[in-house]
Structure formats: C-alpha cells, structure tokens
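Shown next: upload.tsv, given as TSV, C-alpha atoms.
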```
chain	number	residue	atom	x	y	z
A	1	MET	CA	63.72	-70.61	-34.23
A	2	SER	CA	61.08	-73.25	-34.69
A	3	THR	CA	57.76	-72.54	-32.98
A	4	GLN	CA	57.36	-74.31	-29.66
A	5	ASP	CA	54.37	-74.71	-27.41
A	6	HIS	CA	55.01	-71.82	-25.05
A	7	PRO	CA	52.26	-69.65	-23.56
A	8	LEU	CA	54.10	-66.57	-24.80
A	9	SER	CA	56.55	-66.60	-27.70
A	10	ILE	CA	59.58	-64.60	-26.63
A	11	SER	CA	63.19	-64.20	-27.70
A	12	PHE	CA	66.17	-62.28	-26.40
A	13	GLU	CA	69.11	-60.45	-28.00
A	14	PHE	CA	72.63	-60.25	-26.58
A	15	PHE	CA	75.75	-58.44	-27.76
A	16	PRO	CA	79.24	-59.99	-27.59
A	17	PRO	CA	80.96	-58.91	-24.37
A	18	ASN	CA	84.50	-57.58	-24.79
A	19	THR	CA	85.79	-58.32	-21.27
A	20	ASP	CA	86.13	-61.43	-19.12
A	21	ALA	CA	83.83	-59.85	-16.55
A	22	GLY	CA	81.22	-59.23	-19.24
A	23	ARG	CA	81.44	-62.83	-20.41
A	24	ASP	CA	81.06	-64.12	-16.87
A	25	LYS	CA	78.05	-61.87	-16.28
A	26	LEU	CA	76.41	-63.07	-19.49
A	27	ASN	CA	76.31	-66.63	-18.18
A	28	GLY	CA	74.02	-65.54	-15.36
A	29	VAL	CA	71.87	-63.41	-17.67
A	30	ARG	CA	71.60	-66.29	-20.13
A	31	ASP	CA	70.55	-68.75	-17.44
A	32	ALA	CA	67.96	-66.40	-15.93
A	33	LEU	CA	66.36	-65.72	-19.31
A	34	ALA	CA	66.57	-69.36	-20.42
A	35	GLU	CA	64.21	-70.23	-17.55
A	36	ARG	CA	61.48	-68.38	-19.47
A	37	LYS	CA	61.85	-70.93	-22.30
A	38	PRO	CA	62.45	-68.49	-25.17
A	39	ARG	CA	62.11	-69.56	-28.79
A	40	PHE	CA	65.65	-68.37	-29.40
A	41	PHE	CA	68.49	-66.11	-28.39
A	42	SER	CA	70.23	-63.88	-30.93
A	43	VAL	CA	73.74	-62.40	-30.86
A	44	THR	CA	74.65	-59.17	-32.62
A	45	TYR	CA	77.37	-58.62	-35.18
A	46	GLY	CA	79.44	-55.45	-35.34
A	47	ALA	CA	79.59	-53.00	-38.24
A	48	GLY	CA	81.55	-54.45	-41.12
A	49	GLY	CA	81.93	-57.72	-39.21
A	50	SER	CA	84.06	-56.05	-36.54
A	51	THR	CA	82.94	-58.54	-33.88
A	52	GLN	CA	82.70	-61.64	-36.10
A	53	ASP	CA	84.94	-63.80	-33.91
A	54	ARG	CA	83.38	-62.56	-30.69
A	55	THR	CA	79.92	-63.20	-32.15
A	56	LEU	CA	80.76	-66.86	-32.71
A	57	GLN	CA	82.36	-67.15	-29.27
A	58	THR	CA	79.24	-65.64	-27.70
A	59	VAL	CA	76.94	-67.90	-29.71
A	60	ARG	CA	78.85	-70.91	-28.40
A	61	GLN	CA	78.58	-69.57	-24.85
A	62	VAL	CA	74.86	-68.86	-25.12
A	63	ARG	CA	74.03	-72.16	-26.83
A	64	ARG	CA	75.21	-74.06	-23.76
A	65	SER	CA	71.80	-73.20	-22.34
A	66	GLY	CA	70.25	-75.59	-24.85
A	67	ILE	CA	68.30	-72.74	-26.47
A	68	THR	CA	68.52	-72.17	-30.23
A	69	THR	CA	70.93	-69.27	-30.78
A	70	ALA	CA	70.98	-67.16	-33.95
A	71	PRO	CA	74.05	-65.10	-34.87
A	72	HIS	CA	73.49	-61.83	-36.70
A	73	LEU	CA	75.07	-61.73	-40.14
A	74	SER	CA	75.55	-58.51	-42.12
A	75	CYS	CA	76.64	-58.11	-45.71
A	76	ILE	CA	78.04	-54.56	-45.73
A	77	GLY	CA	81.81	-54.74	-45.88
A	78	SER	CA	81.81	-58.51	-46.49
A	79	GLU	CA	82.76	-60.38	-49.64
A	80	LYS	CA	80.89	-63.47	-50.82
A	81	ALA	CA	83.88	-65.72	-50.16
A	82	ASN	CA	84.03	-64.59	-46.53
A	83	LEU	CA	80.27	-65.01	-46.09
A	84	ARG	CA	80.46	-68.46	-47.71
A	85	ASP	CA	83.16	-69.52	-45.27
A	86	LEU	CA	81.21	-68.16	-42.33
A	87	LEU	CA	78.02	-69.97	-43.36
A	88	ALA	CA	79.99	-73.21	-43.68
A	89	ARG	CA	81.48	-72.64	-40.24
A	90	TYR	CA	78.06	-72.04	-38.71
A	91	ARG	CA	76.74	-75.24	-40.29
A	92	GLU	CA	79.69	-77.18	-38.87
A	93	GLU	CA	78.87	-75.72	-35.45
A	94	GLY	CA	75.29	-76.98	-35.73
A	95	ILE	CA	73.84	-73.48	-35.99
A	96	ASP	CA	70.61	-73.47	-37.98
A	97	SER	CA	69.20	-69.96	-37.42
A	98	LEU	CA	70.45	-66.54	-38.55
A	99	VAL	CA	69.43	-62.89	-38.37
A	100	ALA	CA	70.34	-61.47	-41.81
A	101	LEU	CA	70.96	-57.72	-41.94
A	102	ARG	CA	72.36	-55.19	-44.35
A	103	GLY	CA	74.50	-53.67	-41.63
A	104	ASP	CA	75.99	-50.20	-41.32
A	105	LEU	CA	79.12	-49.01	-43.06
A	106	PRO	CA	81.65	-48.02	-40.41
A	107	SER	CA	83.52	-44.78	-40.92
A	108	GLY	CA	86.75	-45.24	-42.82
A	109	MET	CA	85.68	-48.41	-44.59
A	110	GLY	CA	86.48	-48.23	-48.28
A	111	GLY	CA	83.76	-50.36	-49.90
A	112	ILE	CA	80.40	-51.83	-49.09
A	113	GLY	CA	81.15	-55.34	-50.34
A	114	GLU	CA	79.60	-57.47	-53.07
A	115	LEU	CA	76.14	-57.54	-51.49
A	116	ARG	CA	74.46	-54.19	-50.92
A	117	TYR	CA	71.11	-55.02	-49.34
A	118	ALA	CA	69.64	-57.55	-46.92
A	119	ASN	CA	67.45	-59.15	-49.60
A	120	GLU	CA	70.62	-59.95	-51.55
A	121	LEU	CA	72.11	-61.50	-48.42
A	122	VAL	CA	69.00	-63.63	-47.88
A	123	GLU	CA	69.15	-64.79	-51.51
A	124	PHE	CA	72.85	-65.63	-51.11
A	125	ILE	CA	72.21	-67.66	-47.94
A	126	ARG	CA	69.47	-69.62	-49.70
A	127	GLU	CA	71.72	-70.25	-52.71
A	128	GLU	CA	74.55	-71.47	-50.49
A	129	ALA	CA	72.66	-73.40	-47.83
A	130	GLY	CA	69.18	-74.10	-49.13
A	131	ASP	CA	66.72	-74.37	-46.27
A	132	HIS	CA	69.31	-75.27	-43.63
A	133	PHE	CA	68.97	-71.90	-41.90
A	134	GLU	CA	65.84	-70.31	-40.58
A	135	ILE	CA	66.33	-66.63	-41.41
A	136	ALA	CA	65.04	-63.58	-39.59
A	137	VAL	CA	65.30	-60.08	-41.08
A	138	ALA	CA	64.76	-56.59	-39.74
A	139	ALA	CA	61.62	-54.48	-40.02
A	140	TYR	CA	61.20	-50.77	-39.27
A	141	PRO	CA	57.69	-49.73	-38.13
A	142	GLU	CA	58.76	-46.08	-38.12
A	143	SER	CA	60.69	-46.50	-41.39
A	144	HIS	CA	64.39	-47.17	-41.84
A	145	PRO	CA	66.29	-43.94	-41.12
A	146	GLN	CA	67.80	-43.98	-44.64
A	147	ALA	CA	64.57	-44.77	-46.50
A	148	PRO	CA	63.14	-41.89	-48.56
A	149	ASN	CA	59.60	-42.69	-47.39
A	150	LEU	CA	57.52	-45.42	-45.74
A	151	ASP	CA	56.22	-46.83	-49.04
A	152	ARG	CA	59.74	-47.46	-50.32
A	153	ASP	CA	60.76	-48.94	-46.98
A	154	LEU	CA	57.80	-51.34	-47.04
A	155	GLU	CA	58.69	-52.43	-50.57
A	156	ASN	CA	62.26	-53.12	-49.46
A	157	PHE	CA	60.98	-55.09	-46.49
A	158	ALA	CA	58.68	-57.21	-48.66
A	159	ARG	CA	61.66	-57.91	-50.92
A	160	LYS	CA	63.57	-59.43	-48.00
A	161	ILE	CA	60.71	-61.75	-47.10
A	162	LYS	CA	60.16	-62.81	-50.70
A	163	ALA	CA	63.89	-63.54	-51.00
A	164	GLY	CA	63.40	-66.35	-48.50
A	165	ALA	CA	63.24	-64.96	-44.96
A	166	ASN	CA	61.06	-66.83	-42.47
A	167	LEU	CA	60.24	-64.06	-40.04
A	168	ALA	CA	60.97	-60.44	-39.19
A	169	ILE	CA	62.02	-58.71	-35.99
A	170	THR	CA	61.31	-55.00	-35.74
A	171	GLN	CA	63.49	-52.16	-34.61
A	172	TYR	CA	62.34	-51.15	-31.14
A	173	PHE	CA	59.59	-48.56	-30.86
A	174	PHE	CA	57.25	-47.09	-28.27
A	175	ASN	CA	54.23	-46.39	-30.49
A	176	ALA	CA	52.04	-49.47	-30.89
A	177	ASP	CA	50.03	-47.84	-33.69
A	178	ALA	CA	53.20	-47.60	-35.80
A	179	TYR	CA	53.65	-51.37	-35.48
A	180	PHE	CA	50.03	-52.21	-36.32
A	181	HIS	CA	50.08	-49.85	-39.31
A	182	PHE	CA	53.30	-51.40	-40.59
A	183	VAL	CA	51.92	-54.93	-40.26
A	184	ASP	CA	48.71	-54.01	-42.06
A	185	ARG	CA	50.65	-52.42	-44.91
A	186	ALA	CA	53.02	-55.39	-45.14
A	187	ARG	CA	50.11	-57.82	-45.32
A	188	ALA	CA	48.62	-55.74	-48.12
A	189	LEU	CA	51.88	-56.31	-50.04
A	190	GLY	CA	51.53	-60.06	-49.64
A	191	VAL	CA	53.86	-60.56	-46.67
A	192	GLU	CA	52.61	-63.49	-44.59
A	193	ALA	CA	55.67	-64.12	-42.39
A	194	PRO	CA	55.44	-63.33	-38.67
A	195	ILE	CA	56.50	-59.78	-37.79
A	196	VAL	CA	57.72	-59.85	-34.20
A	197	PRO	CA	57.90	-56.53	-32.35
A	198	GLY	CA	61.31	-55.68	-30.92
A	199	ILE	CA	61.17	-54.14	-27.44
A	200	MET	CA	63.79	-52.10	-25.60
A	201	PRO	CA	63.36	-51.89	-21.80
A	202	ILE	CA	63.80	-48.36	-20.46
A	203	THR	CA	66.47	-48.24	-17.75
A	204	ASN	CA	68.72	-45.30	-18.61
A	205	TYR	CA	67.44	-42.20	-20.38
A	206	ALA	CA	70.78	-40.94	-21.70
A	207	LYS	CA	71.64	-44.31	-23.21
A	208	LEU	CA	68.15	-44.73	-24.68
A	209	ALA	CA	68.26	-41.27	-26.26
A	210	ARG	CA	71.66	-42.00	-27.78
A	211	PHE	CA	70.53	-45.32	-29.23
A	212	SER	CA	67.31	-43.83	-30.55
A	213	ASP	CA	69.00	-40.90	-32.25
A	214	ALA	CA	71.41	-43.31	-33.95
A	215	CYS	CA	68.84	-45.80	-35.23
A	216	GLY	CA	65.88	-43.53	-35.95
A	217	ALA	CA	63.57	-44.90	-33.25
A	218	GLU	CA	61.22	-42.23	-31.92
A	219	ILE	CA	60.87	-41.61	-28.22
A	220	PRO	CA	57.38	-40.06	-27.89
A	221	ARG	CA	57.46	-36.57	-26.45
A	222	TRP	CA	55.49	-37.54	-23.33
A	223	ILE	CA	57.97	-40.32	-22.52
A	224	ARG	CA	60.97	-38.10	-23.19
A	225	LYS	CA	59.58	-35.29	-21.02
A	226	GLN	CA	58.77	-37.63	-18.13
A	227	LEU	CA	62.22	-39.20	-18.24
A	228	GLU	CA	63.81	-35.76	-18.32
A	229	ALA	CA	61.75	-34.79	-15.25
A	230	TYR	CA	63.19	-37.68	-13.26
A	231	GLY	CA	66.74	-36.38	-13.76
A	232	ASP	CA	69.21	-38.73	-12.06
A	233	ASP	CA	66.56	-40.66	-10.11
A	234	SER	CA	67.39	-44.09	-11.51
A	235	GLU	CA	64.74	-45.86	-9.44
A	236	ALA	CA	61.98	-43.59	-10.76
A	237	ILE	CA	63.24	-44.04	-14.35
A	238	ALA	CA	63.27	-47.81	-13.93
A	239	ALA	CA	59.76	-47.91	-12.43
A	240	PHE	CA	58.33	-45.63	-15.11
A	241	GLY	CA	60.13	-47.58	-17.83
A	242	GLU	CA	58.84	-50.90	-16.53
A	243	ASP	CA	55.24	-49.68	-16.43
A	244	THR	CA	55.39	-47.96	-19.83
A	245	VAL	CA	57.02	-50.85	-21.67
A	246	SER	CA	54.81	-53.45	-19.94
A	247	ARG	CA	51.71	-51.59	-21.13
A	248	LEU	CA	53.17	-51.40	-24.64
A	249	CYS	CA	53.86	-55.15	-24.70
A	250	GLN	CA	50.38	-55.98	-23.43
A	251	ARG	CA	48.75	-53.82	-26.09
A	252	LEU	CA	50.86	-55.45	-28.81
A	253	LEU	CA	49.95	-58.95	-27.67
A	254	ASP	CA	46.28	-58.07	-27.27
A	255	GLY	CA	46.38	-56.66	-30.81
A	256	GLY	CA	47.71	-59.89	-32.30
A	257	ALA	CA	51.51	-59.59	-32.22
A	258	PRO	CA	53.02	-63.10	-32.63
A	259	GLY	CA	55.44	-62.66	-29.72
A	260	ILE	CA	58.05	-60.26	-28.39
A	261	HIS	CA	61.80	-59.95	-29.01
A	262	PHE	CA	63.66	-58.15	-26.22
A	263	TYR	CA	66.82	-56.10	-26.76
A	264	THR	CA	68.28	-57.00	-23.37
A	265	LEU	CA	71.57	-55.05	-23.48
A	266	ASN	CA	72.94	-58.11	-21.64
A	267	GLN	CA	70.74	-57.48	-18.61
A	268	ALA	CA	68.10	-59.90	-17.29
A	269	ALA	CA	66.22	-58.04	-14.55
A	270	PRO	CA	64.47	-55.29	-16.59
A	271	THR	CA	63.15	-57.81	-19.13
A	272	LEU	CA	62.07	-60.30	-16.46
A	273	ARG	CA	60.09	-57.62	-14.64
A	274	ILE	CA	58.26	-56.74	-17.86
A	275	LEU	CA	57.50	-60.41	-18.53
A	276	ASP	CA	56.05	-60.77	-15.04
A	277	ASN	CA	53.64	-57.92	-15.80
A	278	ILE	CA	52.20	-59.23	-19.08
A	279	SER	CA	50.10	-62.20	-20.12
A	280	ALA	CA	49.77	-63.96	-23.45
```

Kindly return the structure encoded in the file as structure tokens.
Amino acid sequence: MSTQDHPLSISFEFFPPNTDAGRDKLNGVRDALAERKPRFFSVTYGAGGSTQDRTLQTVRQVRRSGITTAPHLSCIGSEKANLRDLLARYREEGIDSLVALRGDLPSGMGGIGELRYANELVEFIREEAGDHFEIAVAAYPESHPQAPNLDRDLENFARKIKAGANLAITQYFFNADAYFHFVDRARALGVEAPIVPGIMPITNYAKLARFSDACGAEIPRWIRKQLEAYGDDSEAIAAFGEDTVSRLCQRLLDGGAPGIHFYTLNQAAPTLRILDNISA
C-alpha cells in the first residue's frame, strides 16, 4: 500500500465471488478500476475464516492487474498456528499488505480463538513477520457497534495503531462530521497514521439498509426518507446516491482526508461515476 504519486489516493475493496460467473465478472470490474491507478485493492475474509481459500484465490486473480492487493485477515475463530501458516503462505505468494481485523464470531462457533482483538492480531503479525507487511486496521467514526461508548472505542483504535498498524480504513458512513470528529479525537490520543474514509456507493436501498443495520453504520434520516420515497425507481435511487456520495467525498477531501477507500460490492460503474464527480 505504499504511497504513489497519484492526484487522488484511492483504493477499492472486493469480496470473493462464489460462482464462476462472479469470478468472470470480477475480471472486468478489476480492470476498469485498475485504470484509475489505485494505491491498492483489498479482498474480504469471511467470518471465522469461512472464505479463507476463496480470499487467496481472489487475491491472486486481482493481483494480475499489477496493483498491490491486500487480503483481509481476522483473528476470531483462528488459532495462532493457522495464522502463522497463512502469513507464511502470503509471504511466499509475494503479498506484502494486509487488512487486520478482529472479525465477527459466526453463530454456532464454539470459541473465539487465541487472539481476541485486532491489536493482538497486529502484534502477532509483527512478531511473526517483522515489517514485511504493511498493515491496515479498521476505524469506526460512529463507534463500533459493540463498544460501550466512543471514548472506549477510540482507546481501542489507538491500541491497534500503536501495536504496529500503518494506516486505518473506516467503516462506511454518510456523516462527514462524524469522520472529522473521530480523526480529531484520534490525533489527540497520539495517533498519527492516515485514517482513510471508507465509502459505500448507494445503489440499492434495501441492501444498504440491511448492511447498515448489521454493522452499525447510520443512514441519516433525510437520506433514508428520500430513498424510501423513490420506492422501486432504481434509476432515481442511483442518481440520488451518486450525487449524495459524491458530495460527501468532496467534503471529506476538502477537509483533509488522505484519500478514499470504496466498498465496491464487486461493481465498477457506481464508484467510477463518483470518481468522475470529485477532484483531489
């Protein structure tokens, strides 16, 4: 994820497709987004490592673009021996960037593993691999849904950075003030690492509401009400979403955000339209 001389620092997240058609489609999405010269791509990792093999397969597929590609790595449900083997495998593959997460405990899983929190995972990666990997961690401008309060969440976030993370990528949000407040508070705690806002394009209201309820991201009432008013008019939802998210991105960049990380949902067009509307 090394900084390159791009007019706008951007990155894109993919999830591992589970069908041949999805894998074929991802090639086109990858190529279209690679033309924007992103700093990196990232590839998600299922709860409890449920997509571990598909994550690596997808990383290999995405890396053919020549763009640095960072697999997500979660510690919940994983033992140190398994993580050690996976880190060694990534090094053998020439992978030098990771997104280190605590992860969610899937229903029915018996234990959480030997590492409980993302800061412990970051420490473990540093112990095992030194500075080989550039490590990104998660940040929650509106607070992690399981945190008792924002102060505690900020302390936990600072712990991850101090454990050896190089940068942070936020959960998506639609309130720029929440991001700026979080950054100011993090800086006051001594965090100097870049905190990159994560952005979710708005293309489908039902899907967005489901994601947001699950991860604790707030959809502001005015956005929710407008999306509800459009009903099944997908073109109106897409146009409103493009305008709303483009304005959000521009405000973040104007306010000093170090770049933007897009949660693409394996689609290129919505993100490309937003990028065409903003300037560094």

**OP:** Pick out the residues sitting within 9 Å of Ala88 (chain A), and hand them over as a list in words; count all atoms listed in the file, and ignore anything fewer than 4 positions along from it in its own chain.
**Re:**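 Skipping anything fewer than 4 positions along the chain leaves Leu83, Arg84, Glu92, Glu93, Glu128 and Ala129 of chain A.
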
Take the residues that were just selected and, keeping C-alpha atoms, output them as a PDB file, in the coordinates of the input.
```
ATOM      1  CA  LEU A  83      80.270 -65.010 -46.090  1.00  0.00           C
ATOM      2  CA  ARG A  84      80.460 -68.460 -47.710  1.00  0.00           C
ATOM      3  CA  GLU A  92      79.690 -77.180 -38.870  1.00  0.00           C
ATOM      4  CA  GLU A  93      78.870 -75.720 -35.450  1.00  0.00           C
ATOM      5  CA  GLU A 128      74.550 -71.470 -50.490  1.00  0.00           C
ATOM      6  CA  ALA A 129      72.660 -73.400 -47.830  1.00  0.00           C
TER       7      ALA A 129
END
```

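The residue that comes closest to Leu265 (chain A), out of A:Thr44, A:Gln171, A:Thr58, A:Asn156 and on the basis of all atoms listed in the file, is A:Thr44.
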
Subject >> Interatomic distance (Å, one decimal) between CA of Arg54 (chain A) and CA of Pro16 (chain A) >> reply: 5.8 Å

Subject >> Residue neighbourhood Thr264 (chain A), 10 Å, all atoms listed in the file, exclusion window fewer than 4 positions, as a list in words >> reply: Ser11, Phe12, Glu13, Phe14, Phe15, Val29, Leu33, Ile199, Met200, Pro201, Ala268, Ala269, Pro270, Thr271 and Leu272 of chain A

Subject >> Shell around Asn175 (chain A) at 12 Å using only C-alpha atoms, local window under 3 positions removed, as a VMD selection string >> reply: chain A and resid 141 to 142 171 to 172 178 to 182 197 to 199 217 to 223 244 to 245 247 to 249 251 to 252

Original post:
Restricting the calculation to only C-alpha atoms, which member of A:Pro17, A:Ile67, A:Val62, A:Ala214 is positioned closest to Glu35 (chain A)?
Top reply: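 Among the listed residues, A:Ile67 lies closest to Glu35 (chain A).
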
Original post:
Nearest to Cys215 (chain A): which of A:Gly22, A:Phe173, A:Ala158, A:Asp254 is it, counting all atoms listed in the file?
Top reply: A:Phe173

Original post:
In Å, with one decimal, what is the gap from CA of Arg224 (chain A) to CA of Ala138 (chain A)?
Top reply: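 One can read the CA of Arg224 (chain A) to CA of Ala138 (chain A) distance as 25.1 Å.
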
Subject >> Closest of A:Ser212, A:Asn18, A:Ser234, A:Asn266 to Arg30 (chain A) - atom-to-atom distances counting all atoms listed in the file >> reply: A:Asn266

Contact residues around Gln61 (chain A) with only C-alpha atoms at 12 Å, ignoring same-chain residues under 2 positions, as a compact mmCIF listing (two decimals) with C-alpha atoms, in the coordinates of the input:
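Writing done, so here's out_19.txt:
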```txt
# COMPACT_ATOMS: atom_id res chain seq x y z
CA PHE A 14 72.63 -60.25 -26.58
CA PHE A 15 75.75 -58.44 -27.76
CA PRO A 16 79.24 -59.99 -27.59
CA PRO A 17 80.96 -58.91 -24.37
CA ARG A 23 81.44 -62.83 -20.41
CA ASP A 24 81.06 -64.12 -16.87
CA LYS A 25 78.05 -61.87 -16.28
CA LEU A 26 76.41 -63.07 -19.49
CA ASN A 27 76.31 -66.63 -18.18
CA GLY A 28 74.02 -65.54 -15.36
CA VAL A 29 71.87 -63.41 -17.67
CA ARG A 30 71.60 -66.29 -20.13
CA ASP A 31 70.55 -68.75 -17.44
CA PHE A 41 68.49 -66.11 -28.39
CA SER A 42 70.23 -63.88 -30.93
CA VAL A 43 73.74 -62.40 -30.86
CA ARG A 54 83.38 -62.56 -30.69
CA THR A 55 79.92 -63.20 -32.15
CA LEU A 56 80.76 -66.86 -32.71
CA GLN A 57 82.36 -67.15 -29.27
CA THR A 58 79.24 -65.64 -27.70
CA VAL A 59 76.94 -67.90 -29.71
CA ARG A 63 74.03 -72.16 -26.83
CA ARG A 64 75.21 -74.06 -23.76
CA SER A 65 71.80 -73.20 -22.34
CA GLY A 66 70.25 -75.59 -24.85
CA ILE A 67 68.30 -72.74 -26.47
CA THR A 68 68.52 -72.17 -30.23
CA THR A 69 70.93 -69.27 -30.78
CA PRO A 71 74.05 -65.10 -34.87
```

Subject >> Pick from A:Thr203, A:Phe211, A:Asn149, A:Ile169 nearest to Leu227 (chain A), counting all atoms listed in the file >> reply: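 Closest to Leu227 (chain A), using all atoms listed in the file: A:Thr203.
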
Subject >> Local residues around (63.7, -58.8, -45.4), at most 12 Å away, using only C-alpha atoms, as a VMD selection string >> reply: chain A and resid 99 to 102 117 to 123 135 to 140 153 to 170 186 191 193 to 195

File of the preceding selection, C-alpha atoms, as a PDB file, in the frame of the given file:
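As a result, again-v2.pdb now contains:
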```pdb
ATOM      1  CA  VAL A  99      69.430 -62.890 -38.370  1.00  0.00           C
ATOM      2  CA  ALA A 100      70.340 -61.470 -41.810  1.00  0.00           C
ATOM      3  CA  LEU A 101      70.960 -57.720 -41.940  1.00  0.00           C
ATOM      4  CA  ARG A 102      72.360 -55.190 -44.350  1.00  0.00           C
ATOM      5  CA  TYR A 117      71.110 -55.020 -49.340  1.00  0.00           C
ATOM      6  CA  ALA A 118      69.640 -57.550 -46.920  1.00  0.00           C
ATOM      7  CA  ASN A 119      67.450 -59.150 -49.600  1.00  0.00           C
ATOM      8  CA  GLU A 120      70.620 -59.950 -51.550  1.00  0.00           C
ATOM      9  CA  LEU A 121      72.110 -61.500 -48.420  1.00  0.00           C
ATOM     10  CA  VAL A 122      69.000 -63.630 -47.880  1.00  0.00           C
ATOM     11  CA  GLU A 123      69.150 -64.790 -51.510  1.00  0.00           C
ATOM     12  CA  ILE A 135      66.330 -66.630 -41.410  1.00  0.00           C
ATOM     13  CA  ALA A 136      65.040 -63.580 -39.590  1.00  0.00           C
ATOM     14  CA  VAL A 137      65.300 -60.080 -41.080  1.00  0.00           C
ATOM     15  CA  ALA A 138      64.760 -56.590 -39.740  1.00  0.00           C
ATOM     16  CA  ALA A 139      61.620 -54.480 -40.020  1.00  0.00           C
ATOM     17  CA  TYR A 140      61.200 -50.770 -39.270  1.00  0.00           C
ATOM     18  CA  ASP A 153      60.760 -48.940 -46.980  1.00  0.00           C
ATOM     19  CA  LEU A 154      57.800 -51.340 -47.040  1.00  0.00           C
ATOM     20  CA  GLU A 155      58.690 -52.430 -50.570  1.00  0.00           C
ATOM     21  CA  ASN A 156      62.260 -53.120 -49.460  1.00  0.00           C
ATOM     22  CA  PHE A 157      60.980 -55.090 -46.490  1.00  0.00           C
ATOM     23  CA  ALA A 158      58.680 -57.210 -48.660  1.00  0.00           C
ATOM     24  CA  ARG A 159      61.660 -57.910 -50.920  1.00  0.00           C
ATOM     25  CA  LYS A 160      63.570 -59.430 -48.000  1.00  0.00           C
ATOM     26  CA  ILE A 161      60.710 -61.750 -47.100  1.00  0.00           C
ATOM     27  CA  LYS A 162      60.160 -62.810 -50.700  1.00  0.00           C
ATOM     28  CA  ALA A 163      63.890 -63.540 -51.000  1.00  0.00           C
ATOM     29  CA  GLY A 164      63.400 -66.350 -48.500  1.00  0.00           C
ATOM     30  CA  ALA A 165      63.240 -64.960 -44.960  1.00  0.00           C
ATOM     31  CA  ASN A 166      61.060 -66.830 -42.470  1.00  0.00           C
ATOM     32  CA  LEU A 167      60.240 -64.060 -40.040  1.00  0.00           C
ATOM     33  CA  ALA A 168      60.970 -60.440 -39.190  1.00  0.00           C
ATOM     34  CA  ILE A 169      62.020 -58.710 -35.990  1.00  0.00           C
ATOM     35  CA  THR A 170      61.310 -55.000 -35.740  1.00  0.00           C
ATOM     36  CA  ALA A 186      53.020 -55.390 -45.140  1.00  0.00           C
ATOM     37  CA  VAL A 191      53.860 -60.560 -46.670  1.00  0.00           C
ATOM     38  CA  ALA A 193      55.670 -64.120 -42.390  1.00  0.00           C
ATOM     39  CA  PRO A 194      55.440 -63.330 -38.670  1.00  0.00           C
ATOM     40  CA  ILE A 195      56.500 -59.780 -37.790  1.00  0.00           C
TER      41      ILE A 195
END
```

**OP:** Excluding Ser246 (chain A) and residues on its chain fewer than 2 positions from it, collect all residues at most 8 Å away from it, counting only C-alpha atoms, and give them as an NGL selection string.
**Re:** :A and (242-244 or 248-250 or 274-275 or 277-278)

Original post:
Rounded to one decimal in Å, what is the spacing between CA of Lys207 (chain A) and CA of Ala239 (chain A)?
Top reply: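 So the two atoms, CA of Lys207 (chain A) and CA of Ala239 (chain A), lie 16.4 Å apart.
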
**OP:** Compute the distance from (77.9, -72.9, -43.1) to each atom, counting only C-alpha atoms, keep the residues with any atom at most 12 Å away, and return them as a ChimeraX atom specification; use the coordinates of the file.
**Re:** /A:71,73,81-98,124-133
